[in-house]
Amino acid sequence: MALLLVEDDEAVRESLHLLLSSNYDIDSVGDAASALATARRRYQNWYPPYDALLIDLSLGAGPDGFECLSQLRRIPGYSCAPALAFTGWSGAEVEARCRAFGFADVLIKPFMPEDLERRLEQVFSSMPVDYAHLTVA
């Protein structure tokens with residue numbers, strides 16, 4: 001499974017990359033512009049889309065996580081890709097807004113590594129088979 005991680009905090013990004021790289025093919029970037037460029041490059045080079053998008057909601061300068069997801073959805077192959085939001089904000093209102101915006105789940109920072117792994121397993125177990133990923137040999 002291939003993941004795109006969008007996290008502006010370098011230490012958090014590196015920690016998550018290290019944690020996830022043993023089980024997933026992961027690309028990690030620090031902002032929305034880099035996320036869009038990476039996803040477009042993947043599409044242009046005929047790679048299948050990422051299986052999931054992990055996006056911090058507060059990305060510092062530039063577009064936030066909501067806008068990042070909105071722009072990623074416009075790239076072929078990403079209109080329905082499951083997205084997990086990371087945020088330091090908490091509360092039912094934040095979670096409701098994330099779900100209304102199209103995030104499959106929300107993780108409130110700080111979170112335990114096993115929480116992330118469990119959420120990813122839940123996201124992947126609920127995914128229908130995507131025949132666009134299959135190729136004919």
# chains A, B, ... in the order shown; residues from 1 in each chain; ligands from 1
>>> select_by_dssp(residues="region 86-119 of chain A", states="helix (DSSP H, G or I)", output="JSON, numbers by chain")
{"A": [92, 93, 94, 95, 96, 97, 98, 99, 100, 101, 113, 114, 115, 116, 117, 118, 119]}
>>> residues_around(residues="Ala11 (chain A)", least_positions_apart="6", cutoff="12 Å", atoms="only C-alpha atoms", output="PyMOL selection string")
chain A and resi 17-18+28-30
>>> residues_around(residues="region 59-73 of chain A", least_positions_apart="4", cutoff="12 Å", atoms="only C-alpha atoms", output="JSON list (two decimals) with N, CA and C atoms, in the first residue's frame")
[["chain", "number", "residue", "atom", "x", "y", "z"],
["A", 4, "LEU", "N", 0.63, 8.88, 1.00],
["A", 4, "LEU", "CA", 1.20, 10.21, 0.90],
["A", 4, "LEU", "C", 0.95, 10.90, 2.24],
["A", 5, "LEU", "N", 2.03, 11.28, 2.91],
["A", 5, "LEU", "CA", 1.97, 11.98, 4.19],
["A", 5, "LEU", "C", 2.28, 13.45, 3.97],
["A", 6, "VAL", "N", 1.37, 14.33, 4.44],
["A", 6, "VAL", "CA", 1.56, 15.78, 4.32],
["A", 6, "VAL", "C", 1.57, 16.35, 5.74],
["A", 7, "GLU", "N", 2.76, 16.72, 6.22],
["A", 7, "GLU", "CA", 2.93, 17.20, 7.59],
["A", 7, "GLU", "C", 4.03, 18.26, 7.59],
["A", 8, "ASP", "N", 3.71, 19.47, 8.08],
["A", 8, "ASP", "CA", 4.68, 20.55, 8.03],
["A", 8, "ASP", "C", 5.75, 20.49, 9.11],
["A", 9, "ASP", "N", 5.46, 19.84, 10.23],
["A", 9, "ASP", "CA", 6.44, 19.73, 11.31],
["A", 9, "ASP", "C", 7.44, 18.63, 10.94],
["A", 10, "GLU", "N", 8.68, 19.04, 10.70],
["A", 10, "GLU", "CA", 9.70, 18.10, 10.20],
["A", 10, "GLU", "C", 9.92, 16.92, 11.14],
["A", 13, "ARG", "N", 6.92, 14.65, 10.88],
["A", 13, "ARG", "CA", 6.94, 14.01, 9.55],
["A", 13, "ARG", "C", 7.97, 12.88, 9.51],
["A", 29, "VAL", "N", 5.87, 14.77, 2.55],
["A", 29, "VAL", "CA", 6.16, 16.13, 2.13],
["A", 29, "VAL", "C", 5.70, 17.09, 3.22],
["A", 30, "GLY", "N", 6.17, 18.35, 3.14],
["A", 30, "GLY", "CA", 5.92, 19.30, 4.20],
["A", 30, "GLY", "C", 4.86, 20.35, 3.94],
["A", 31, "ASP", "N", 4.28, 20.37, 2.73],
["A", 31, "ASP", "CA", 3.27, 21.39, 2.45],
["A", 31, "ASP", "C", 2.36, 20.95, 1.31],
["A", 32, "ALA", "N", 1.29, 21.72, 1.12],
["A", 32, "ALA", "CA", 0.29, 21.36, 0.11],
["A", 32, "ALA", "C", 0.87, 21.39, -1.31],
["A", 33, "ALA", "N", 1.69, 22.39, -1.61],
["A", 33, "ALA", "CA", 2.26, 22.49, -2.96],
["A", 33, "ALA", "C", 3.11, 21.26, -3.29],
["A", 34, "SER", "N", 3.89, 20.80, -2.33],
["A", 34, "SER", "CA", 4.71, 19.61, -2.55],
["A", 34, "SER", "C", 3.84, 18.36, -2.69],
["A", 35, "ALA", "N", 2.75, 18.31, -1.92],
["A", 35, "ALA", "CA", 1.83, 17.17, -2.01],
["A", 35, "ALA", "C", 1.22, 17.09, -3.41],
["A", 36, "LEU", "N", 0.79, 18.24, -3.91],
["A", 36, "LEU", "CA", 0.19, 18.27, -5.25],
["A", 36, "LEU", "C", 1.21, 17.90, -6.32],
["A", 37, "ALA", "N", 2.42, 18.43, -6.20],
["A", 37, "ALA", "CA", 3.47, 18.11, -7.18],
["A", 37, "ALA", "C", 3.80, 16.62, -7.15],
["A", 38, "THR", "N", 3.88, 16.04, -5.96],
["A", 38, "THR", "CA", 4.20, 14.62, -5.81],
["A", 38, "THR", "C", 3.10, 13.74, -6.40],
["A", 39, "ALA", "N", 1.85, 14.06, -6.10],
["A", 39, "ALA", "CA", 0.73, 13.28, -6.64],
["A", 39, "ALA", "C", 0.64, 13.42, -8.15],
["A", 40, "ARG", "N", 0.85, 14.61, -8.67],
["A", 40, "ARG", "CA", 0.82, 14.81, -10.12],
["A", 40, "ARG", "C", 1.96, 14.04, -10.80],
["A", 43, "TYR", "N", 1.10, 10.45, -11.02],
["A", 43, "TYR", "CA", 0.12, 10.24, -12.10],
["A", 43, "TYR", "C", 0.79, 10.31, -13.48],
["A", 49, "PRO", "N", -2.38, 5.63, -8.15],
["A", 49, "PRO", "CA", -2.55, 6.66, -7.12],
["A", 49, "PRO", "C", -2.18, 6.11, -5.74],
["A", 50, "TYR", "N", -1.91, 7.01, -4.82],
["A", 50, "TYR", "CA", -1.69, 6.58, -3.44],
["A", 50, "TYR", "C", -2.95, 5.91, -2.93],
["A", 52, "ALA", "N", -3.84, 5.88, 0.22],
["A", 52, "ALA", "CA", -4.41, 6.73, 1.26],
["A", 52, "ALA", "C", -3.58, 8.00, 1.39],
["A", 53, "LEU", "N", -4.26, 9.05, 1.85],
["A", 53, "LEU", "CA", -3.64, 10.36, 2.06],
["A", 53, "LEU", "C", -3.69, 10.68, 3.54],
["A", 54, "LEU", "N", -2.56, 11.03, 4.12],
["A", 54, "LEU", "CA", -2.48, 11.39, 5.54],
["A", 54, "LEU", "C", -2.11, 12.87, 5.58],
["A", 55, "ILE", "N", -3.03, 13.71, 6.04],
["A", 55, "ILE", "CA", -2.85, 15.16, 5.90],
["A", 55, "ILE", "C", -3.04, 15.88, 7.23],
["A", 77, "GLY", "N", -7.51, 9.95, -10.22],
["A", 77, "GLY", "CA", -7.19, 8.83, -9.33],
["A", 77, "GLY", "C", -7.36, 9.15, -7.85],
["A", 78, "TYR", "N", -7.55, 10.44, -7.52],
["A", 78, "TYR", "CA", -7.62, 10.83, -6.11],
["A", 78, "TYR", "C", -9.00, 11.32, -5.67],
["A", 79, "SER", "N", -9.97, 11.25, -6.53],
["A", 79, "SER", "CA", -11.29, 11.79, -6.17],
["A", 79, "SER", "C", -11.92, 11.02, -5.00],
["A", 80, "CYS", "N", -11.56, 9.77, -4.84],
["A", 80, "CYS", "CA", -12.15, 8.95, -3.77],
["A", 80, "CYS", "C", -11.11, 8.34, -2.83],
["A", 81, "ALA", "N", -9.86, 8.72, -2.97],
["A", 81, "ALA", "CA", -8.81, 8.14, -2.12],
["A", 81, "ALA", "C", -9.11, 8.44, -0.66],
["A", 82, "PRO", "N", -9.04, 7.44, 0.21],
["A", 82, "PRO", "CA", -9.30, 7.70, 1.62],
["A", 82, "PRO", "C", -8.26, 8.65, 2.20],
["A", 83, "ALA", "N", -8.73, 9.58, 3.01],
["A", 83, "ALA", "CA", -7.84, 10.58, 3.61],
["A", 83, "ALA", "C", -8.03, 10.58, 5.12],
["A", 84, "LEU", "N", -6.93, 10.61, 5.82],
["A", 84, "LEU", "CA", -6.90, 10.67, 7.28],
["A", 84, "LEU", "C", -6.36, 12.04, 7.67],
["A", 85, "ALA", "N", -7.06, 12.74, 8.56],
["A", 85, "ALA", "CA", -6.63, 14.06, 9.01],
["A", 85, "ALA", "C", -5.88, 13.95, 10.33],
["A", 86, "PHE", "N", -4.82, 14.74, 10.45],
["A", 86, "PHE", "CA", -4.10, 14.90, 11.72],
["A", 86, "PHE", "C", -4.36, 16.33, 12.18],
["A", 87, "THR", "N", -4.60, 16.52, 13.46],
["A", 87, "THR", "CA", -4.80, 17.87, 13.95],
["A", 87, "THR", "C", -4.54, 17.97, 15.45],
["A", 88, "GLY", "N", -4.13, 19.14, 15.85],
["A", 88, "GLY", "CA", -3.99, 19.42, 17.27],
["A", 88, "GLY", "C", -5.28, 19.97, 17.85],
["A", 94, "VAL", "N", -14.73, 19.80, 15.15],
["A", 94, "VAL", "CA", -13.60, 19.58, 14.24],
["A", 94, "VAL", "C", -13.77, 18.25, 13.51],
["A", 97, "ARG", "N", -16.53, 18.53, 10.93],
["A", 97, "ARG", "CA", -16.09, 19.30, 9.75],
["A", 97, "ARG", "C", -15.19, 18.45, 8.86],
["A", 98, "CYS", "N", -14.28, 17.69, 9.48],
["A", 98, "CYS", "CA", -13.38, 16.84, 8.70],
["A", 98, "CYS", "C", -14.17, 15.79, 7.92],
["A", 99, "ARG", "N", -15.09, 15.15, 8.57],
["A", 99, "ARG", "CA", -15.89, 14.12, 7.89],
["A", 99, "ARG", "C", -16.76, 14.72, 6.79],
["A", 100, "ALA", "N", -17.32, 15.89, 7.05],
["A", 100, "ALA", "CA", -18.13, 16.56, 6.03],
["A", 100, "ALA", "C", -17.28, 16.95, 4.83],
["A", 101, "PHE", "N", -16.02, 17.22, 5.06],
["A", 101, "PHE", "CA", -15.12, 17.63, 4.00],
["A", 101, "PHE", "C", -14.58, 16.44, 3.21],
["A", 102, "GLY", "N", -14.77, 15.24, 3.73],
["A", 102, "GLY", "CA", -14.36, 14.04, 2.99],
["A", 102, "GLY", "C", -13.24, 13.25, 3.61],
["A", 103, "PHE", "N", -12.80, 13.62, 4.81],
["A", 103, "PHE", "CA", -11.79, 12.81, 5.49],
["A", 103, "PHE", "C", -12.47, 11.56, 6.05],
["A", 104, "ALA", "N", -11.85, 10.42, 5.89],
["A", 104, "ALA", "CA", -12.40, 9.16, 6.40],
["A", 104, "ALA", "C", -12.29, 9.07, 7.91],
["A", 106, "VAL", "N", -10.16, 11.05, 11.66],
["A", 106, "VAL", "CA", -9.41, 12.16, 12.24],
["A", 106, "VAL", "C", -8.61, 11.64, 13.42]]
>>> closest_residue(among="A:Val123, A:Asp27, A:Phe111, A:Met1", to="Glu14 (chain A)", atoms="only C-alpha atoms")
A:Asp27
>>> select_by_dssp(residues="chain A", states="strand (DSSP E or B)", output="ChimeraX atom specification")
/A:2-6,25-29,52-56,83-87,105-108
>>> write_last_selection(atoms="C-alpha atoms", output="CSV table (one decimal), in the first residue's frame")
chain,number,residue,atom,x,y,z
A,2,ALA,CA,1.3,3.5,-0.9
A,3,LEU,CA,0.7,6.5,1.3
A,4,LEU,CA,1.2,10.2,0.9
A,5,LEU,CA,2.0,12.0,4.2
A,6,VAL,CA,1.6,15.8,4.3
A,25,ASP,CA,5.5,2.6,0.6
A,26,ILE,CA,5.4,6.2,1.9
A,27,ASP,CA,6.2,9.6,0.4
A,28,SER,CA,6.3,12.4,2.9
A,29,VAL,CA,6.2,16.1,2.1
A,52,ALA,CA,-4.4,6.7,1.3
A,53,LEU,CA,-3.6,10.4,2.1
A,54,LEU,CA,-2.5,11.4,5.5
A,55,ILE,CA,-2.8,15.2,5.9
A,56,ASP,CA,-2.1,17.6,8.7
A,83,ALA,CA,-7.8,10.6,3.6
A,84,LEU,CA,-6.9,10.7,7.3
A,85,ALA,CA,-6.6,14.1,9.0
A,86,PHE,CA,-4.1,14.9,11.7
A,87,THR,CA,-4.8,17.9,13.9
A,105,ASP,CA,-11.1,9.6,9.9
A,106,VAL,CA,-9.4,12.2,12.2
A,107,LEU,CA,-6.5,11.7,14.6
A,108,ILE,CA,-6.0,14.2,17.4
>>> atom_distance(atom1="CA of Ala92 (chain A)", atom2="CA of Leu19 (chain A)")
27.7 Å
>>> atom_distance(atom1="CA of Asp115 (chain A)", atom2="CA of Ser15 (chain A)")
14.4 Å
>>> closest_residue(among="A:Gln122, A:Leu116, A:Leu57, A:Glu95", to="Leu16 (chain A)", atoms="only C-alpha atoms")
A:Leu116
>>> atom_distance(atom1="CA of Ser126 (chain A)", atom2="CA of Trp89 (chain A)")
25.9 Å
